[in-house]
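Novice: Sharing coords.txt below, compact mmCIF, C-alpha atoms:
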# COMPACT_ATOMS: atom_id res chain seq x y z
CA MET A 412 43.83 68.01 132.64
CA ARG A 413 47.11 68.26 134.54
CA GLU A 414 47.89 71.36 136.58
CA TYR A 415 50.11 73.77 134.71
CA ARG A 416 51.55 77.28 134.97
CA ILE A 417 52.20 79.84 132.27
CA GLY A 418 55.18 82.14 132.78
CA ARG A 419 57.85 84.01 130.87
CA LEU A 420 61.46 83.05 130.24
CA ASN A 421 63.91 85.18 128.26
CA GLY A 422 61.04 87.26 126.94
CA ARG A 423 59.00 84.26 125.71
CA TYR A 424 55.92 82.59 127.15
CA VAL A 425 56.47 79.09 128.54
CA VAL A 426 54.20 76.48 130.09
CA THR A 427 55.42 74.20 132.89
CA TRP A 428 53.85 71.12 134.49
CA THR A 429 54.87 68.06 136.48
CA GLU A 430 54.83 64.57 134.99
CA ALA A 431 55.95 61.42 136.81
CA GLY A 432 57.66 63.58 139.42
CA ALA A 433 59.68 65.52 136.86
CA ARG A 434 59.19 69.17 135.95
CA LYS A 435 58.44 69.75 132.27
CA ARG A 436 58.74 73.05 130.42
CA TYR A 437 57.73 73.97 126.89
CA ARG A 438 58.39 77.25 125.06
CA LEU A 439 55.31 78.72 123.38
CA GLU A 440 54.99 80.69 120.15
CA ALA A 441 52.20 82.90 121.54
CA LEU A 442 52.74 86.64 121.89
CA ASP A 443 49.99 87.53 124.40
CA PRO A 444 48.56 85.91 127.58
CA LYS A 445 45.30 84.65 126.07
CA ALA A 446 47.01 83.08 123.08
CA ALA A 447 49.58 81.54 125.47
CA GLU A 448 46.82 79.93 127.52
CA ALA A 449 45.15 78.45 124.44
CA GLU A 450 48.44 77.14 123.06
CA ALA A 451 49.43 75.74 126.47
CA LEU A 452 46.26 73.62 126.60
CA ASP A 453 47.11 72.10 123.23
CA VAL A 454 50.67 71.42 124.35
CA ILE A 455 49.58 69.71 127.56
CA ARG A 456 47.12 67.50 125.74
CA ARG A 457 49.68 66.58 123.10
CA GLU A 458 52.71 66.09 125.33
CA THR A 459 51.06 64.10 128.13
CA ILE A 460 49.73 61.41 125.78
CA PRO A 461 52.52 59.04 124.63
CA ALA A 462 53.30 59.35 120.94
CA THR A 463 51.83 56.00 119.95
CA GLY A 464 49.10 57.11 117.58
CA HIS A 465 46.76 57.57 120.55
CA ILE A 466 45.96 53.95 121.14
CA ILE A 467 43.04 53.28 123.47
CA ARG A 468 45.27 52.24 126.39
CA ASP A 469 46.89 55.68 126.40
CA LEU A 470 43.58 57.51 126.02
CA TRP A 471 42.09 55.46 128.86
CA GLU A 472 44.95 56.44 131.18
CA ALA A 473 44.69 60.09 130.10
CA TYR A 474 40.97 60.06 130.90
CA LEU A 475 41.62 58.66 134.39
CA GLN A 476 44.28 61.31 134.99
CA ASP A 477 41.75 63.97 134.00
CA ARG A 478 39.21 62.54 136.46
CA VAL A 479 41.53 62.00 139.43
CA GLY A 480 39.63 62.10 142.70
CA ARG A 481 36.27 61.13 141.23
CA PRO A 482 34.47 57.82 141.95
CA VAL A 483 34.49 56.90 138.25
CA VAL A 484 38.27 56.35 138.42
CA LYS A 485 37.96 53.39 140.78
CA ASN A 486 35.25 51.80 138.61
CA MET A 487 37.19 52.28 135.41
CA ARG A 488 40.42 50.97 136.91
CA SER A 489 38.49 47.77 137.51
CA SER A 490 36.65 47.56 134.18
CA GLY A 491 39.81 48.58 132.33
CA LYS A 492 41.46 45.25 133.11
CA ALA A 493 39.12 43.51 130.66
CA VAL A 494 38.43 46.40 128.27
CA LEU A 495 42.11 47.15 127.66
CA GLU A 496 42.96 43.49 127.18
CA LYS A 497 40.76 43.48 124.07
CA PHE A 498 40.86 47.12 122.95
CA GLY A 499 43.97 48.64 124.52
CA HIS A 500 46.31 48.04 121.58
CA LEU A 501 43.90 49.52 119.01
CA ARG A 502 43.53 53.07 117.76
CA PRO A 503 39.96 54.40 118.05
CA ASP A 504 39.57 54.47 114.27
CA GLN A 505 40.35 50.73 114.16
CA VAL A 506 37.48 49.73 116.47
CA THR A 507 34.59 48.03 114.67
CA THR A 508 31.16 46.75 115.62
CA GLU A 509 32.57 43.25 115.33
CA HIS A 510 35.14 44.04 118.03
CA CYS A 511 32.30 45.07 120.36
CA ARG A 512 30.26 41.94 119.63
CA ASP A 513 33.29 39.71 120.16
CA TYR A 514 33.91 41.45 123.48
CA ASP A 515 30.31 40.80 124.52
CA LYS A 516 30.64 37.08 123.70
CA TRP A 517 34.03 36.86 125.47
CA ARG A 518 32.74 38.44 128.67
CA ARG A 519 29.51 36.41 128.68
CA LYS A 520 31.56 33.23 128.30
CA ALA A 521 33.53 34.32 131.38
CA GLY A 522 30.24 34.43 133.31
CA LEU A 523 29.58 38.18 133.28
CA MET A 524 25.98 39.37 133.30
CA GLN A 525 24.54 41.38 130.41
CA GLY A 526 24.29 44.50 132.53
CA SER A 527 27.96 44.35 133.48
CA VAL A 528 29.03 44.03 129.84
CA TRP A 529 26.78 47.00 129.02
CA THR A 530 28.57 49.02 131.72
CA GLU A 531 32.09 48.06 130.63
CA LEU A 532 31.49 48.98 127.01
CA GLY A 533 29.86 52.15 128.28
CA HIS A 534 33.10 53.06 130.01
CA LEU A 535 34.92 52.61 126.71
CA ARG A 536 32.37 54.84 124.97
CA THR A 537 32.75 57.51 127.67
CA CYS A 538 36.54 57.49 127.37
CA LEU A 539 36.50 57.86 123.60
CA LYS A 540 33.85 60.60 123.61
CA TRP A 541 36.03 62.47 126.11
CA ALA A 542 39.03 62.06 123.80
CA GLU A 543 36.98 63.49 120.93
CA ASN A 544 35.83 66.46 123.03
CA MET A 545 39.41 67.11 124.11
CA LYS A 546 40.51 67.11 120.45
CA LEU A 547 42.82 64.15 121.04
CA ILE A 548 41.08 62.21 118.27
CA SER A 549 39.05 63.46 115.32
CA SER A 550 35.96 61.40 116.17
CA ALA A 551 34.93 58.63 118.53
CA PRO A 552 33.89 55.32 116.95
CA HIS A 553 30.48 53.78 117.49
CA ILE A 554 30.62 51.41 120.47
CA GLU A 555 27.86 48.83 120.18
CA ARG A 556 26.58 47.54 123.48
CA PRO A 557 24.17 44.73 124.35
CA GLN A 558 20.67 45.88 125.18
CA LYS A 559 20.43 47.40 128.64
CA PRO A 560 18.67 44.87 130.88
CA MET A 561 15.38 45.73 132.51
CA PRO A 562 15.70 46.66 136.20
CA ARG A 563 15.16 43.78 138.58
CA GLU A 564 11.72 43.64 140.21
CA ARG A 565 12.91 42.07 143.47
CA TYR A 566 12.09 44.05 146.57
CA LEU A 567 11.41 43.12 150.17
CA SER A 568 7.95 42.90 151.70
CA ARG A 569 7.42 44.21 155.22
CA PRO A 570 7.61 40.71 156.73
CA GLU A 571 10.89 40.16 154.86
CA ILE A 572 12.23 43.50 156.12
CA ASN A 573 11.37 42.49 159.67
CA LYS A 574 13.18 39.18 159.20
CA LEU A 575 16.26 40.93 157.82
CA LEU A 576 16.41 43.47 160.65
CA ALA A 577 16.16 40.62 163.14
CA ALA A 578 18.88 38.58 161.42
CA GLU A 579 21.89 37.43 163.39
CA CYS A 580 24.78 39.65 162.26
CA GLU A 581 27.42 42.08 163.50
CA PRO A 582 26.10 45.41 164.89
CA HIS A 583 27.68 47.48 162.10
CA ILE A 584 25.97 45.31 159.47
CA ARG A 585 22.58 45.76 161.14
CA LEU A 586 23.10 49.53 161.36
CA ALA A 587 24.14 49.69 157.70
CA ILE A 588 21.04 47.72 156.64
CA LEU A 589 18.81 50.05 158.62
CA VAL A 590 20.44 53.17 157.18
CA LEU A 591 20.11 51.77 153.64
CA LEU A 592 16.41 50.99 154.11
CA THR A 593 15.46 54.28 155.76
CA THR A 594 17.49 56.66 153.58
CA ALA A 595 17.18 54.79 150.25
CA ALA A 596 20.88 55.54 149.79
CA ARG A 597 23.42 53.71 147.69
CA VAL A 598 25.89 51.52 149.59
CA SER A 599 28.82 53.78 148.70
CA ALA A 600 27.04 56.79 150.21
CA VAL A 601 26.31 54.95 153.46
CA LEU A 602 29.88 53.70 153.86
CA ASP A 603 31.13 57.25 153.14
CA LEU A 604 28.79 58.78 155.74
CA THR A 605 30.46 60.58 158.63
CA TRP A 606 28.95 61.91 161.85
CA ASP A 607 29.49 65.55 160.91
CA ARG A 608 26.79 65.05 158.25
CA VAL A 609 24.31 63.49 160.67
CA ASP A 610 22.31 66.30 162.28
CA LEU A 611 20.24 64.72 165.05
CA ASP A 612 19.01 68.12 166.24
CA ARG A 613 17.52 69.07 162.85
CA GLY A 614 16.73 65.46 162.01
CA GLN A 615 18.64 65.32 158.71
CA ILE A 616 21.33 63.25 157.05
CA ASN A 617 23.44 64.76 154.29
CA LEU A 618 24.58 61.89 152.07
CA ARG A 619 26.76 64.19 149.95
CA ARG A 620 30.43 64.29 150.86
CA ASP A 621 30.92 67.84 149.61
CA MET A 622 29.71 70.19 146.92
CA PHE A 623 32.31 68.88 144.45
CA GLY A 624 31.91 65.12 144.94
CA THR A 625 29.51 62.80 143.22
CA ARG A 626 25.82 63.45 143.79
CA LYS A 627 24.55 60.41 141.96
CA GLY A 628 21.84 58.95 144.15
CA ARG A 629 22.86 61.20 147.07
CA ALA A 630 20.41 63.49 148.78
CA ILE A 631 19.71 65.26 152.05
CA VAL A 632 17.02 63.17 153.76
CA PRO A 633 15.10 63.29 157.05
CA ILE A 634 15.89 60.96 159.93
CA ASN A 635 12.77 59.00 160.84
CA THR A 636 11.94 57.65 164.30
CA THR A 637 13.29 54.15 163.60
CA LEU A 638 16.64 55.41 162.35
CA ARG A 639 17.03 58.07 165.04
CA ALA A 640 16.91 55.50 167.84
CA ALA A 641 19.65 53.42 166.18
CA LEU A 642 21.83 56.45 165.42
CA VAL A 643 21.69 57.77 168.98
CA ILE A 644 22.99 54.44 170.28
CA ALA A 645 25.64 54.21 167.55
CA ARG A 646 26.82 57.78 168.14
CA GLU A 647 27.41 57.14 171.84
CA ALA A 648 29.53 54.08 171.03
CA ALA A 649 31.40 55.61 168.07
CA VAL A 650 35.20 55.74 168.16
CA THR A 651 35.71 57.15 164.63
CA GLN A 652 34.03 59.74 162.42
CA SER A 653 32.52 57.01 160.25
CA VAL A 654 28.90 56.13 160.97
CA ILE A 655 29.52 52.56 159.80
CA GLU A 656 32.64 51.47 161.65
CA TRP A 657 34.17 48.19 162.76
CA ASN A 658 37.13 47.34 164.94
CA GLY A 659 38.10 50.98 165.37
CA GLY A 660 38.07 51.94 161.70
CA PRO A 661 35.83 52.72 158.70
CA VAL A 662 34.27 49.88 156.73
CA LYS A 663 35.15 49.43 153.06
CA SER A 664 32.63 46.69 152.25
CA ILE A 665 29.65 45.05 153.95
CA ARG A 666 28.98 42.53 151.20
CA LYS A 667 30.22 39.51 153.15
CA GLY A 668 28.37 40.46 156.34
CA PHE A 669 25.20 41.24 154.42
CA THR A 670 25.31 37.88 152.64
CA THR A 671 25.63 36.16 156.00
CA ALA A 672 22.62 38.07 157.34
CA ILE A 673 20.30 37.21 154.45
CA ASN A 674 21.41 33.58 154.49
CA ASN A 675 20.73 33.37 158.21
CA VAL A 676 17.06 34.25 157.64
CA GLY A 677 16.64 32.39 154.35
CA LEU A 678 16.11 35.34 152.01
CA LYS A 679 16.80 34.69 148.32
CA ASP A 680 17.91 36.93 145.44
CA VAL A 681 18.59 39.91 147.69
CA SER A 682 21.51 42.16 146.81
CA LEU A 683 22.48 45.34 148.62
CA HIS A 684 20.93 47.42 145.85
CA VAL A 685 17.61 45.66 146.47
CA LEU A 686 17.39 47.64 149.72
CA ARG A 687 17.37 50.96 147.83
CA HIS A 688 14.77 49.56 145.44
CA THR A 689 12.75 48.32 148.40
CA ALA A 690 12.71 51.76 150.02
CA ALA A 691 11.50 53.39 146.81
CA VAL A 692 8.76 50.81 146.24
CA HIS A 693 7.41 51.20 149.77
CA MET A 694 7.30 54.98 149.39
CA ALA A 695 5.39 54.59 146.11
CA GLU A 696 2.97 52.05 147.60
CA ALA A 697 2.29 54.50 150.44
CA GLY A 698 1.17 57.09 147.90
CA VAL A 699 4.18 59.40 148.28
CA PRO A 700 4.29 61.74 145.24
CA MET A 701 6.87 60.80 142.60
CA GLU A 702 8.51 64.22 142.93
CA GLU A 703 9.25 63.54 146.61
CA ILE A 704 10.52 60.04 145.94
CA SER A 705 12.76 61.44 143.23
CA GLN A 706 14.32 63.91 145.67
CA TYR A 707 14.72 61.19 148.29
CA LEU A 708 16.56 58.97 145.82
CA GLY A 709 18.72 61.82 144.56
CA HIS A 710 17.55 61.31 140.97
CA SER A 711 18.67 64.01 138.54
CA ASN A 712 15.34 63.90 136.71
CA VAL A 713 11.91 62.97 138.03
CA SER A 714 11.17 61.13 134.79
CA ILE A 715 13.64 58.45 135.91
CA THR A 716 11.58 57.95 139.05
CA PHE A 717 8.29 57.87 137.14
CA SER A 718 9.51 55.27 134.67
CA THR A 719 10.70 52.93 137.43
CA TYR A 720 8.32 53.40 140.35
CA ALA A 721 5.05 54.99 139.20
CA ARG A 722 3.42 51.60 138.64
CA PHE A 723 3.78 50.78 142.34
CA SER A 724 1.64 53.76 143.37
CA PRO A 725 -1.99 52.91 144.24
CA GLN A 726 -3.08 55.96 142.25
CA HIS A 727 -1.15 54.99 139.13
CA LEU A 728 -3.47 55.04 136.09
CA SER A 729 -6.53 54.89 138.38
CA ARG A 730 -8.12 57.93 136.69
CA ALA A 731 -7.49 56.36 133.31
CA ALA A 732 -9.18 53.16 134.44
CA GLU A 733 -12.18 55.06 135.78
CA ALA A 734 -12.55 56.81 132.43
CA LEU A 735 -13.10 53.41 130.87
CA ASN A 736 -16.11 52.52 133.04
CA PHE A 737 -18.85 52.10 130.44
CA GLY A 738 -21.79 51.12 132.60
CA GLU A 739 -23.10 48.05 134.29
CA ILE A 740 -22.61 44.69 132.60
CA ARG A 741 -25.92 42.84 132.66
CA LYS A 742 -26.22 39.11 132.78
CA VAL A 743 -27.51 37.62 129.54
CA GLN A 744 -30.75 35.66 130.08
Translate this structure into structure tokens?

Specialist:
Amino acid sequence: MREYRIGRLNGRYVVTWTEAGARKRYRLEALDPKAAEAEALDVIRRETIPATGHIIRDLWEAYLQDRVGRPVVKNMRSSGKAVLEKFGHLRPDQVTTEHCRDYDKWRRKAGLMQGSVWTELGHLRTCLKWAENMKLISSAPHIERPQKPMPRERYLSRPEINKLLAAECEPHIRLAILVLLTTAARVSAVLDLTWDRVDLDRGQINLRRDMFGTRKGRAIVPINTTLRAALVIAREAAVTQSVIEWNGGPVKSIRKGFTTAINNVGLKDVSLHVLRHTAAVHMAEAGVPMEEISQYLGHSNVSITFSTYARFSPQHLSRAAEALNFGEIRKVQ
């Protein structure tokens, strides 16, 4: 929702806001402050959406304006290029299941993976549910998505981790890999990390930018011995506030450098997200309780952790298996 102000002009309540650099003002019918606030919200919602029957392109842009400053905006700017090409000209009530299935086929033909199509259509669903909640449309249509793919099982063994950490690569890539493996953080959180959130005295890293920013997969985690040694060296050489820096500035992406590193040691099917998965699997295999792993990963619900990583724990279902011991099996003569 845009910022607005309610005031009085010639004895009447008015609401003012700024749109495209121009100041807008609308006279309200309300006779008291509370009624003026309620009416102003309706006016803002109505007047800041172009009068085109609320086609999806306009609703998409309105949603992004409402979420300015949040990470989802960047993701939806990207996914919107494809989504709006197929859905942008339609009103929500015109969207059918067939539209969704055609979109799935179109994106798959372009080489997109099932999971990416699932995410893009999910962004469309999110936008339209927001529009419904904001009373911009009467109801959001059903957005059919392909089945969500099962999470990939790939994770690195200890020998593979040792190979990766010894790979020939730039120092900032090696540091990023080590931080990813020892904090189980998402790549975005590591690239966002600044030295003011690295407390070497207390031995903690705060992966959260602030109390208002995204907390998805972001936690406050301890600094272990391996990471501490690398951070002390990096801190002494730092010229910016970014923990992961290169050529005197923060790093926006390590994908290219990471690809070079894994290729240099012959590792296959290893994405950056595999490092987070690897960290979680090794914690589970070490018998770390699921509740602790969940906190380390920044999961919102421990059930998410259980469903993904419980099977890697040496204690998983062991009591159940013992309950099914029915005595010694004797050899038939």

Novice: Starting from the point (16.4, 66.0, 147.7), work out which residues of protein, DNA or RNA have an atom no more than 10 Å away when counting all atoms listed in the file; state them as a PDB file with C-alpha atoms, keeping the file's coordinate frame.

Specialist:
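Result written to part18.pdb:
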ATOM      1  CA  ASN A 617      23.440  64.760 154.290  1.00  0.00           C
ATOM      2  CA  GLY A 628      21.840  58.950 144.150  1.00  0.00           C
ATOM      3  CA  ARG A 629      22.860  61.200 147.070  1.00  0.00           C
ATOM      4  CA  ALA A 630      20.410  63.490 148.780  1.00  0.00           C
ATOM      5  CA  ILE A 631      19.710  65.260 152.050  1.00  0.00           C
ATOM      6  CA  VAL A 632      17.020  63.170 153.760  1.00  0.00           C
ATOM      7  CA  PRO A 633      15.100  63.290 157.050  1.00  0.00           C
ATOM      8  CA  GLU A 702       8.510  64.220 142.930  1.00  0.00           C
ATOM      9  CA  GLU A 703       9.250  63.540 146.610  1.00  0.00           C
ATOM     10  CA  ILE A 704      10.520  60.040 145.940  1.00  0.00           C
ATOM     11  CA  SER A 705      12.760  61.440 143.230  1.00  0.00           C
ATOM     12  CA  GLN A 706      14.320  63.910 145.670  1.00  0.00           C
ATOM     13  CA  TYR A 707      14.720  61.190 148.290  1.00  0.00           C
ATOM     14  CA  LEU A 708      16.560  58.970 145.820  1.00  0.00           C
ATOM     15  CA  GLY A 709      18.720  61.820 144.560  1.00  0.00           C
ATOM     16  CA  HIS A 710      17.550  61.310 140.970  1.00  0.00           C
ATOM     17  CA  SER A 711      18.670  64.010 138.540  1.00  0.00           C
TER      18      SER A 711
END

Novice: Can you tell me how far CA of Asp477 (chain A) sits from CA of Lys492 (chain A), in Å to one decimal?

Specialist: 18.7 Å

Novice: Can you pull out every residue within 10 Å of Leu678 (chain A), counting all atoms listed in the file, but drop anything in the same chain fewer than 4 positions away, and send it as a count of residues only?

Specialist: 9

Novice: Out of A:Phe669, A:Tyr566, A:Trp606, A:Phe723, which residue has the shortest atom-to-atom distance to Thr689 (chain A) when counting all atoms listed in the file?

Specialist: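 Under the stated criterion, the closest residue is A:Tyr566.
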
Novice: Can you tell me which residues surround Arg456 (chain A) at a distance of at most 12 Å, considering all atoms listed in the file, apart from same-chain residues fewer than 5 positions away, and format the answer as an MDAnalysis selection string?

Specialist: chainID A and resid 412:415 428 449:451 461:462 465 469:470 473:474 476:477 542:548

Novice: Output C-alpha atoms of each residue in that selection to a file, as an mmCIF file, keeping the file's coordinate frame.

Specialist:
data_model
loop_
_atom_site.group_PDB
_atom_site.id
_atom_site.type_symbol
_atom_site.label_atom_id
_atom_site.label_comp_id
_atom_site.auth_asym_id
_atom_site.auth_seq_id
_atom_site.Cartn_x
_atom_site.Cartn_y
_atom_site.Cartn_z
ATOM 1 C CA MET A 412 43.830 68.010 132.640
ATOM 2 C CA ARG A 413 47.110 68.260 134.540
ATOM 3 C CA GLU A 414 47.890 71.360 136.580
ATOM 4 C CA TYR A 415 50.110 73.770 134.710
ATOM 5 C CA TRP A 428 53.850 71.120 134.490
ATOM 6 C CA ALA A 449 45.150 78.450 124.440
ATOM 7 C CA GLU A 450 48.440 77.140 123.060
ATOM 8 C CA ALA A 451 49.430 75.740 126.470
ATOM 9 C CA PRO A 461 52.520 59.040 124.630
ATOM 10 C CA ALA A 462 53.300 59.350 120.940
ATOM 11 C CA HIS A 465 46.760 57.570 120.550
ATOM 12 C CA ASP A 469 46.890 55.680 126.400
ATOM 13 C CA LEU A 470 43.580 57.510 126.020
ATOM 14 C CA ALA A 473 44.690 60.090 130.100
ATOM 15 C CA TYR A 474 40.970 60.060 130.900
ATOM 16 C CA GLN A 476 44.280 61.310 134.990
ATOM 17 C CA ASP A 477 41.750 63.970 134.000
ATOM 18 C CA ALA A 542 39.030 62.060 123.800
ATOM 19 C CA GLU A 543 36.980 63.490 120.930
ATOM 20 C CA ASN A 544 35.830 66.460 123.030
ATOM 21 C CA MET A 545 39.410 67.110 124.110
ATOM 22 C CA LYS A 546 40.510 67.110 120.450
ATOM 23 C CA LEU A 547 42.820 64.150 121.040
ATOM 24 C CA ILE A 548 41.080 62.210 118.270
#

Novice: Step by step: start from the point (20.2, 48.3, 124.2) in the file's coordinates, keep every protein, DNA or RNA residue that has an atom no farther than 12 Å from it, count only C-alpha atoms, and write the set as a ChimeraX atom specification.

Specialist: /A:525-526,528-530,532-533,554-561

Novice: Which of these residues is nearest to Ile467 (chain A), using all atoms listed in the file: A:Tyr424, A:Tyr720, A:Phe498, A:Trp517?

Specialist: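 The shortest atom-to-atom distance to Ile467 (chain A) comes from A:Phe498.
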
Novice: Need to verify the contact set: region 657-661 of chain A, 9 Å, only C-alpha atoms, exclusion of same-chain residues closer than 3 positions in sequence. Can you return it as a ChimeraX atom specification?

Specialist: /A:582-583,602-603,649-654

Novice: Using only C-alpha atoms, which residue out of A:Leu523, A:Val425, A:Val692, A:Ala587 lies closest to Val454 (chain A)?

Specialist: A:Val425

Novice: Which polymer residues have any atom within 9 Å of an atom of Gly668 (chain A), counting all atoms listed in the file, with same-chain residues fewer than 3 positions away left out, as a ChimeraX atom specification?

Specialist: /A:580-581,584,664-665,671-673
